[in-house]
>>> print(open('upload12.cif').read())   # mmCIF, C-alpha atoms and all ligand atoms
data_data
#
loop_
_atom_site.label_atom_id
_atom_site.label_comp_id
_atom_site.auth_asym_id
_atom_site.auth_seq_id
_atom_site.Cartn_x
_atom_site.Cartn_y
_atom_site.Cartn_z
CA MET J 56 222.07 -121.78 183.38
CA SER J 57 221.28 -118.62 181.43
CA ARG J 58 219.67 -120.61 178.59
CA ARG J 59 217.10 -122.12 180.94
CA LYS J 60 213.75 -120.56 181.57
CA GLN J 61 213.33 -119.37 185.14
CA ILE J 62 209.91 -120.35 186.48
CA TYR J 63 210.08 -118.87 189.98
CA GLU J 64 212.56 -117.23 192.34
CA GLY J 65 212.03 -117.65 196.08
CA LYS J 66 214.07 -116.42 199.02
CA ALA J 67 216.47 -119.38 199.09
CA LYS J 68 215.81 -121.22 195.84
CA ILE J 69 215.21 -120.71 192.12
CA LEU J 70 213.11 -123.04 189.96
CA TYR J 71 214.01 -123.50 186.30
CA GLU J 72 212.21 -125.38 183.57
CA GLY J 73 213.44 -129.01 183.59
CA PRO J 74 214.82 -131.05 180.69
CA GLU J 75 211.65 -133.18 180.38
CA PRO J 76 207.99 -132.18 180.59
CA GLY J 77 206.78 -132.45 184.17
CA THR J 78 210.22 -131.72 185.63
CA LEU J 79 211.91 -128.67 187.14
CA VAL J 80 215.44 -127.88 188.27
CA GLN J 81 215.61 -126.61 191.86
CA TYR J 82 218.66 -124.38 192.47
CA PHE J 83 219.77 -123.72 196.07
CA LYS J 84 221.01 -120.17 196.64
CA ASP J 85 223.34 -118.96 199.40
CA ASP J 86 220.83 -116.28 200.35
CA ALA J 87 219.51 -116.35 203.89
CA THR J 88 216.44 -114.38 204.89
CA ALA J 89 214.44 -114.12 208.10
CA PHE J 90 211.50 -112.19 209.49
CA ASN J 91 209.77 -112.09 206.12
CA ALA J 92 212.96 -111.04 204.31
CA GLN J 93 213.55 -108.01 206.54
CA LYS J 94 216.88 -109.59 207.50
CA LYS J 95 219.10 -110.76 204.63
CA ALA J 96 222.59 -112.14 204.14
CA ILE J 97 224.61 -114.28 201.78
CA LEU J 98 226.08 -117.30 203.56
CA ASP J 99 228.84 -118.86 201.47
CA GLY J 100 228.18 -122.54 200.90
CA LYS J 101 224.70 -122.68 202.47
CA GLY J 102 223.05 -123.63 199.16
CA VAL J 103 225.52 -126.46 198.59
CA LEU J 104 224.90 -127.81 202.09
CA ASN J 105 221.11 -127.58 201.87
CA ASN J 106 221.12 -129.26 198.45
CA ARG J 107 223.05 -132.20 199.91
CA ILE J 108 221.12 -132.42 203.18
CA SER J 109 217.72 -132.16 201.47
CA GLU J 110 218.74 -134.81 198.92
CA TYR J 111 219.79 -137.13 201.76
CA VAL J 112 216.56 -136.61 203.70
CA MET J 113 214.28 -136.97 200.65
CA LEU J 114 216.01 -140.23 199.66
CA ARG J 115 215.63 -141.65 203.18
CA LEU J 116 211.94 -140.66 203.22
CA GLU J 117 211.35 -142.28 199.81
CA GLU J 118 212.82 -145.47 201.29
CA ILE J 119 210.09 -145.54 203.94
CA GLY J 120 207.37 -144.93 201.37
CA ILE J 121 206.87 -141.16 201.53
CA PRO J 122 206.31 -139.92 197.94
CA THR J 123 208.52 -136.88 197.23
CA HIS J 124 209.22 -134.54 194.35
CA PHE J 125 212.94 -135.44 194.37
CA ILE J 126 214.26 -137.22 191.25
CA LYS J 127 218.05 -136.78 191.46
CA ARG J 128 220.75 -134.35 192.41
CA LEU J 129 222.31 -132.79 189.31
CA ASN J 130 225.32 -131.00 190.79
CA MET J 131 226.49 -129.06 193.86
CA ARG J 132 223.54 -126.66 193.84
CA GLU J 133 220.82 -128.23 191.74
CA GLN J 134 218.41 -131.10 191.86
CA LEU J 135 215.92 -132.42 189.34
CA ILE J 136 212.41 -132.51 190.78
CA LYS J 137 208.88 -133.39 189.69
CA LYS J 138 206.75 -130.41 188.77
CA VAL J 139 203.81 -130.15 191.15
CA GLU J 140 201.10 -127.68 191.99
CA ILE J 141 202.19 -126.43 195.40
CA ILE J 142 199.44 -126.58 198.05
CA PRO J 143 199.51 -123.04 199.51
CA LEU J 144 200.13 -124.21 203.08
CA GLU J 145 203.21 -124.57 205.26
CA VAL J 146 202.85 -127.64 207.45
CA ILE J 147 204.72 -127.31 210.73
CA CYS J 148 205.33 -130.19 213.12
CA ARG J 149 206.59 -129.52 216.65
CA ASN J 150 207.98 -131.79 219.35
CA VAL J 151 209.33 -129.10 221.66
CA ALA J 152 208.02 -125.55 222.15
CA ALA J 153 210.18 -122.99 220.33
CA GLY J 154 209.87 -120.04 217.98
CA THR J 155 206.39 -118.73 217.29
CA MET J 156 204.66 -121.42 219.37
CA ALA J 157 206.67 -120.54 222.47
CA LYS J 158 205.93 -116.85 221.89
CA ARG J 159 202.25 -117.26 221.02
CA LEU J 160 201.41 -119.53 223.96
CA GLY J 161 203.82 -118.07 226.52
CA LEU J 162 205.78 -121.32 226.83
CA GLU J 163 209.42 -121.47 227.80
CA GLU J 164 211.48 -122.39 224.76
CA GLY J 165 212.63 -125.98 225.18
CA THR J 166 209.45 -127.22 226.90
CA LYS J 167 208.79 -130.74 225.66
CA LEU J 168 205.28 -131.05 224.24
CA PRO J 169 203.08 -133.91 225.57
CA ARG J 170 202.56 -135.00 221.94
CA SER J 171 203.72 -133.88 218.51
CA VAL J 172 201.63 -131.00 217.18
CA VAL J 173 200.87 -130.34 213.50
CA GLU J 174 200.01 -126.76 212.49
CA PHE J 175 199.09 -125.19 209.17
CA CYS J 176 200.15 -121.73 208.02
CA LEU J 177 198.95 -120.02 204.87
CA LYS J 178 201.81 -119.44 202.41
CA ARG J 179 201.41 -115.67 202.11
CA ASP J 180 204.61 -113.67 202.63
CA ASP J 181 202.64 -110.41 202.48
CA LEU J 182 200.62 -111.58 205.52
CA GLY J 183 203.59 -113.14 207.35
CA ASP J 184 202.42 -116.76 206.71
CA PRO J 185 199.58 -116.69 209.29
CA LEU J 186 198.59 -119.74 211.33
CA VAL J 187 195.27 -121.10 210.03
CA ALA J 188 192.74 -123.65 211.30
CA GLU J 189 191.50 -126.61 209.25
CA GLU J 190 188.17 -124.76 209.06
CA HIS J 191 189.91 -121.98 207.12
CA ILE J 192 191.56 -124.49 204.80
CA HIS J 193 188.19 -126.05 203.93
CA THR J 194 186.27 -122.79 203.84
CA PHE J 195 188.68 -121.17 201.41
CA GLY J 196 189.38 -124.36 199.44
CA TRP J 197 193.17 -124.37 199.90
CA ALA J 198 193.10 -128.18 200.22
CA SER J 199 190.42 -130.88 200.38
CA HIS J 200 189.54 -132.87 203.52
CA ALA J 201 191.31 -135.91 202.07
CA GLU J 202 194.43 -133.85 201.27
CA VAL J 203 194.54 -132.40 204.80
CA ASP J 204 194.25 -135.92 206.27
CA GLU J 205 197.04 -137.16 203.98
CA MET J 206 199.28 -134.21 204.84
CA ILE J 207 198.80 -134.76 208.58
CA ALA J 208 199.44 -138.52 208.32
CA MET J 209 202.55 -138.02 206.17
CA THR J 210 203.86 -135.23 208.41
CA LEU J 211 203.59 -137.39 211.54
CA ARG J 212 205.30 -140.28 209.76
CA ILE J 213 208.07 -137.96 208.54
CA ASN J 214 208.42 -136.62 212.09
CA ASP J 215 208.76 -140.11 213.57
CA TYR J 216 211.39 -141.07 211.02
CA LEU J 217 213.38 -137.82 211.21
CA ARG J 218 213.39 -137.83 215.02
CA GLY J 219 215.01 -141.23 214.89
CA MET J 220 217.38 -140.29 212.08
CA PHE J 221 218.61 -137.13 213.82
CA GLY J 222 218.51 -138.81 217.23
CA GLY J 223 220.98 -141.35 215.87
CA ILE J 224 223.51 -138.58 215.24
CA GLY J 225 222.99 -136.83 218.58
CA ILE J 226 220.54 -134.17 217.38
CA ASN J 227 217.06 -133.42 218.75
CA LEU J 228 214.46 -132.52 216.12
CA ILE J 229 212.59 -129.65 217.79
CA ASP J 230 210.31 -128.73 214.88
CA PHE J 231 210.23 -128.46 211.10
CA LYS J 232 208.27 -126.96 208.22
CA ILE J 233 207.37 -128.89 205.08
CA GLU J 234 205.34 -128.24 201.97
CA PHE J 235 203.31 -130.55 199.79
CA GLY J 236 202.33 -130.48 196.13
CA ARG J 237 199.78 -132.10 193.86
CA LEU J 238 201.20 -134.38 191.19
CA ASP J 239 199.00 -135.21 188.19
CA ILE J 240 198.68 -138.96 187.69
CA THR J 241 197.03 -140.22 184.51
CA MET J 242 194.90 -143.28 185.30
CA GLU J 243 194.44 -146.29 182.98
CA ASN J 244 191.06 -144.96 181.84
CA GLY J 245 192.65 -141.63 180.88
CA THR J 246 191.31 -139.60 183.78
CA VAL J 247 193.75 -137.47 185.75
CA ALA J 248 194.02 -137.80 189.53
CA HIS J 249 196.13 -135.82 192.00
CA GLN J 250 198.64 -137.44 194.33
CA VAL J 251 199.83 -135.42 197.32
CA ILE J 252 203.64 -135.58 197.54
CA LEU J 253 206.32 -133.94 199.68
CA ALA J 254 207.90 -130.95 197.89
CA ASP J 255 210.29 -128.05 198.59
CA GLU J 256 213.21 -128.99 200.87
CA ILE J 257 214.08 -130.35 204.30
CA SER J 258 217.25 -128.76 205.63
CA PRO J 259 218.55 -126.77 208.61
CA ASP J 260 216.81 -123.78 206.98
CA SER J 261 213.44 -125.41 207.62
CA CYS J 262 214.05 -127.43 210.82
CA ARG J 263 215.10 -126.63 214.38
CA LEU J 264 217.94 -128.96 215.28
CA TRP J 265 219.53 -128.88 218.75
CA ASP J 266 222.57 -130.83 219.83
CA ARG J 267 221.34 -133.51 222.24
CA GLU J 268 224.13 -132.99 224.79
CA THR J 269 224.33 -129.20 224.88
CA ASP J 270 221.09 -127.89 223.25
CA ARG J 271 223.37 -125.90 220.88
CA LYS J 272 221.33 -124.68 217.91
CA MET J 273 222.43 -126.19 214.58
CA ASP J 274 219.86 -124.53 212.32
CA LYS J 275 218.68 -121.24 210.85
CA ASP J 276 218.00 -119.78 214.30
CA ARG J 277 221.79 -119.13 214.36
CA PHE J 278 221.14 -116.63 211.57
CA ARG J 279 217.78 -115.33 212.87
CA ARG J 280 219.22 -114.69 216.34
CA ASP J 281 222.70 -113.49 215.29
CA LEU J 282 224.44 -116.43 216.97
CA GLY J 283 227.09 -116.73 214.22
CA GLY J 284 228.60 -119.94 212.87
CA VAL J 285 225.64 -120.69 210.58
CA THR J 286 227.42 -122.58 207.80
CA GLU J 287 229.68 -124.26 210.36
CA ALA J 288 226.56 -125.64 212.09
CA TYR J 289 225.02 -126.78 208.78
CA THR J 290 228.36 -128.38 207.89
CA GLU J 291 228.31 -130.26 211.17
CA VAL J 292 224.79 -131.56 210.49
CA ALA J 293 225.93 -132.76 207.04
CA THR J 294 229.09 -134.30 208.48
CA ARG J 295 227.19 -136.14 211.22
CA LEU J 296 224.77 -137.46 208.57
CA GLY J 297 227.82 -138.82 206.70
CA ILE J 298 227.30 -136.56 203.69
CA LEU J 299 230.54 -134.60 204.10
CA LYS J 300 233.98 -135.86 204.97
CA GLU J 301 235.05 -135.20 208.56
CA THR J 302 236.47 -131.69 208.68
CA GLN J 303 240.18 -131.56 209.33
CA ASN J 304 239.97 -127.96 210.42
CA LYS J 305 237.02 -127.82 212.78
CA GLY J 306 236.58 -124.05 212.35
CA ALA J 307 236.05 -123.94 208.61
CA PRO J 308 233.31 -125.54 206.57
CA ASN J 309 234.71 -128.26 204.34
CA LEU J 310 232.44 -128.59 201.36
CA SER J 311 234.21 -131.58 199.86
CA VAL J 312 231.75 -134.39 199.46
CA VAL J 313 231.87 -138.10 200.07
CA SER J 314 231.03 -138.91 196.46
CA ASN J 315 232.99 -136.99 193.83
CA ASP J 316 230.34 -136.72 191.15
CA ASP J 317 230.17 -132.94 191.26
P1 LIG I 401 208.21 -120.93 213.79
O1 LIG I 401 206.73 -120.95 213.48
O2 LIG I 401 208.49 -121.31 215.21
O3 LIG I 401 208.88 -119.69 213.33
O4 LIG I 401 208.85 -122.09 212.88
C1 LIG I 401 208.58 -123.46 213.10
C2 LIG I 401 209.51 -124.28 212.20
O5 LIG I 401 209.15 -124.09 210.84
C3 LIG I 401 210.99 -123.89 212.32
O6 LIG I 401 211.76 -125.07 212.17
C4 LIG I 401 211.21 -122.97 211.13
O7 LIG I 401 212.53 -123.05 210.66
C5 LIG I 401 210.23 -123.52 210.12
N1 LIG I 401 209.64 -122.45 209.30
C6 LIG I 401 208.56 -121.71 209.56
N2 LIG I 401 208.32 -120.84 208.57
C7 LIG I 401 209.29 -121.03 207.66
C8 LIG I 401 209.57 -120.43 206.39
O8 LIG I 401 208.89 -119.53 205.89
N3 LIG I 401 210.67 -120.91 205.74
C9 LIG I 401 211.46 -121.90 206.26
N4 LIG I 401 212.54 -122.31 205.56
N5 LIG I 401 211.19 -122.51 207.43
C10 LIG I 401 210.12 -122.07 208.12
#
>>> encode(input="upload12.cif", output="structure tokens")
Amino acid sequence: MSRRKQIYEGKAKILYEGPEPGTLVQYFKDDATAFNAQKKAILDGKGVLNNRISEYVMLRLEEIGIPTHFIKRLNMREQLIKKVEIIPLEVICRNVAAGTMAKRLGLEEGTKLPRSVVEFCLKRDDLGDPLVAEEHIHTFGWASHAEVDEMIAMTLRINDYLRGMFGGIGINLIDFKIEFGRLDITMENGTVAHQVILADEISPDSCRLWDRETDRKMDKDRFRRDLGGVTEAYTEVATRLGILKETQNKGAPNLSVVSNDD
């Protein structure tokens, strides 16, 4: 790892130069942060779980025609991804009021929304990732009209699919955050066009996942709200998805994997 060039270090991931031009290696750390990194911890095994869960989700989304940056998982903590220019927006999709929406609009957490809502936040840690309107996106040139339309359409499609996928394992998808990037595509006539593709990760770090029977939180809110059992909850999500073997000892995360290619 030390021989590779580090391109970027975020709160939960590191990006290294990839083996081929146009590729990067995405490394999942065990670091957990919340409230703009004011709260920090190391959660043993979180990176391994998020690497596996995000791989699983990206592969399922590719199957339904969502273009993603994912190429392949390399090992327990790393995946090979396509290098993209990240669009500086966090796209949030909500089915049930929770988190900042519940707070901002004075809604009781858990209120089902009449329809799924897509929001955009500017990716600016120093400003606390503020909610922005499409007008701001166009005015400041963060994305074009066509890119915004594509991001909204893809987000709603991803939401429909993931609601069904998690619903099938007894989990309600409350909300999630995704990011998109621009991939350079060289056309036959030599001109370069941009394709908008799904980037970053989809994991319990970036989704709210509640058990359907009990409403028990199975996501990063366990860390944000000091509920404990964070990696145990992530392990349960991975186990229900069929990524991890059933745990023999229910209390402890079992990070053994179904395939043994690690
Ligand atoms: P909220 O705006 O309610 O805090 O978050 C809405 C959804 O987006 C939640 O599922 C939350 O986990 C996710 N989310 C919002 N901001 C971030 C972020 O900066 N990083 C990650 N990993 N997820 C985020």
>>> closest_atom_pairs(input="upload12.cif", of="chain J", to="ligand LIG 401 (chain I)", cutoff="9 Å", atoms="all atoms listed in the file", output="tab-separated table")
residue	atom	partner	partner_atom	distance
J:Lys66	CA	I:LIG401	N3	8.8
J:Ala67	CA	I:LIG401	N4	8.1
J:Thr88	CA	I:LIG401	N3	8.8
J:Ala89	CA	I:LIG401	O8	8.1
J:Phe90	CA	I:LIG401	O8	8.6
J:Asn91	CA	I:LIG401	O8	7.5
J:Glu145	CA	I:LIG401	N2	7.1
J:Val146	CA	I:LIG401	O5	8.0
J:Ile147	CA	I:LIG401	O5	5.5
J:Cys148	CA	I:LIG401	C2	7.3
J:Arg149	CA	I:LIG401	C1	7.3
J:Ala152	CA	I:LIG401	O2	8.1
J:Ala153	CA	I:LIG401	O2	5.6
J:Gly154	CA	I:LIG401	O2	3.3
J:Thr155	CA	I:LIG401	O2	3.9
J:Met156	CA	I:LIG401	O2	5.7
J:Ala157	CA	I:LIG401	O2	7.5
J:Lys158	CA	I:LIG401	O2	8.4
J:Glu174	CA	I:LIG401	O1	8.9
J:Cys176	CA	I:LIG401	N2	8.2
J:Lys178	CA	I:LIG401	O8	7.9
J:Asp180	CA	I:LIG401	O8	8.0
J:Gly183	CA	I:LIG401	O8	8.4
J:Asp184	CA	I:LIG401	O8	7.1
J:Leu186	CA	I:LIG401	O1	8.5
J:Leu228	CA	I:LIG401	O6	8.9
J:Ile229	CA	I:LIG401	O6	7.3
J:Asp230	CA	I:LIG401	O6	4.8
J:Phe231	CA	I:LIG401	O6	3.9
J:Lys232	CA	I:LIG401	O5	4.0
J:Ile233	CA	I:LIG401	O5	7.7
J:Glu256	CA	I:LIG401	N4	8.2
J:Ile257	CA	I:LIG401	N4	8.3
J:Ser258	CA	I:LIG401	N4	8.0
J:Pro259	CA	I:LIG401	O7	7.4
J:Asp260	CA	I:LIG401	N4	4.7
J:Ser261	CA	I:LIG401	N5	3.7
J:Cys262	CA	I:LIG401	O6	3.6
J:Arg263	CA	I:LIG401	O6	4.3
J:Leu264	CA	I:LIG401	O6	7.9
J:Asp274	CA	I:LIG401	O7	7.7
J:Lys275	CA	I:LIG401	O7	6.4
J:Asp276	CA	I:LIG401	O7	7.3
>>> residues_around(input="upload12.cif", residues="Arg267 (chain J)", least_positions_apart="4", cutoff="12 Å", atoms="all atoms listed in the file", output="ChimeraX atom specification")
/J:165,218,221-229,271-273
>>> atom_distance(input="upload12.cif", atom1="CA of Asp85 (chain J)", atom2="CA of Val103 (chain J)")
7.9 Å
>>> atom_distance(input="upload12.cif", atom1="CA of Asp181 (chain J)", atom2="CA of Glu140 (chain J)")
20.3 Å
>>> closest_residue(input="upload12.cif", among="J:Ala96, J:Ile108, J:Ile136, J:Ile69", to="Lys84 (chain J)", atoms="only C-alpha atoms")
J:Ile69
>>> residues_around(input="upload12.cif", residues="His193 (chain J)", least_positions_apart="5", cutoff="12 Å", atoms="all atoms listed in the file", output="CSV table (one decimal) with C-alpha atoms, in the frame of the given file")
chain,number,residue,atom,x,y,z
J,187,VAL,CA,195.3,-121.1,210.0
J,188,ALA,CA,192.7,-123.6,211.3
J,198,ALA,CA,193.1,-128.2,200.2
J,199,SER,CA,190.4,-130.9,200.4
J,200,HIS,CA,189.5,-132.9,203.5
J,201,ALA,CA,191.3,-135.9,202.1
J,202,GLU,CA,194.4,-133.8,201.3
J,203,VAL,CA,194.5,-132.4,204.8
J,204,ASP,CA,194.2,-135.9,206.3
>>> closest_residue(input="upload12.cif", among="J:Val292, J:Met113, J:Met209, J:Met242", to="Asp266 (chain J)", atoms="all atoms listed in the file")
J:Val292
>>> atom_distance(input="upload12.cif", atom1="CA of Lys68 (chain J)", atom2="CA of Tyr82 (chain J)")
5.4 Å
>>> closest_residue(input="upload12.cif", among="J:Val139, J:Ile207, J:Ala87, J:Val172", to="Asp99 (chain J)", atoms="all atoms listed in the file")
J:Ala87
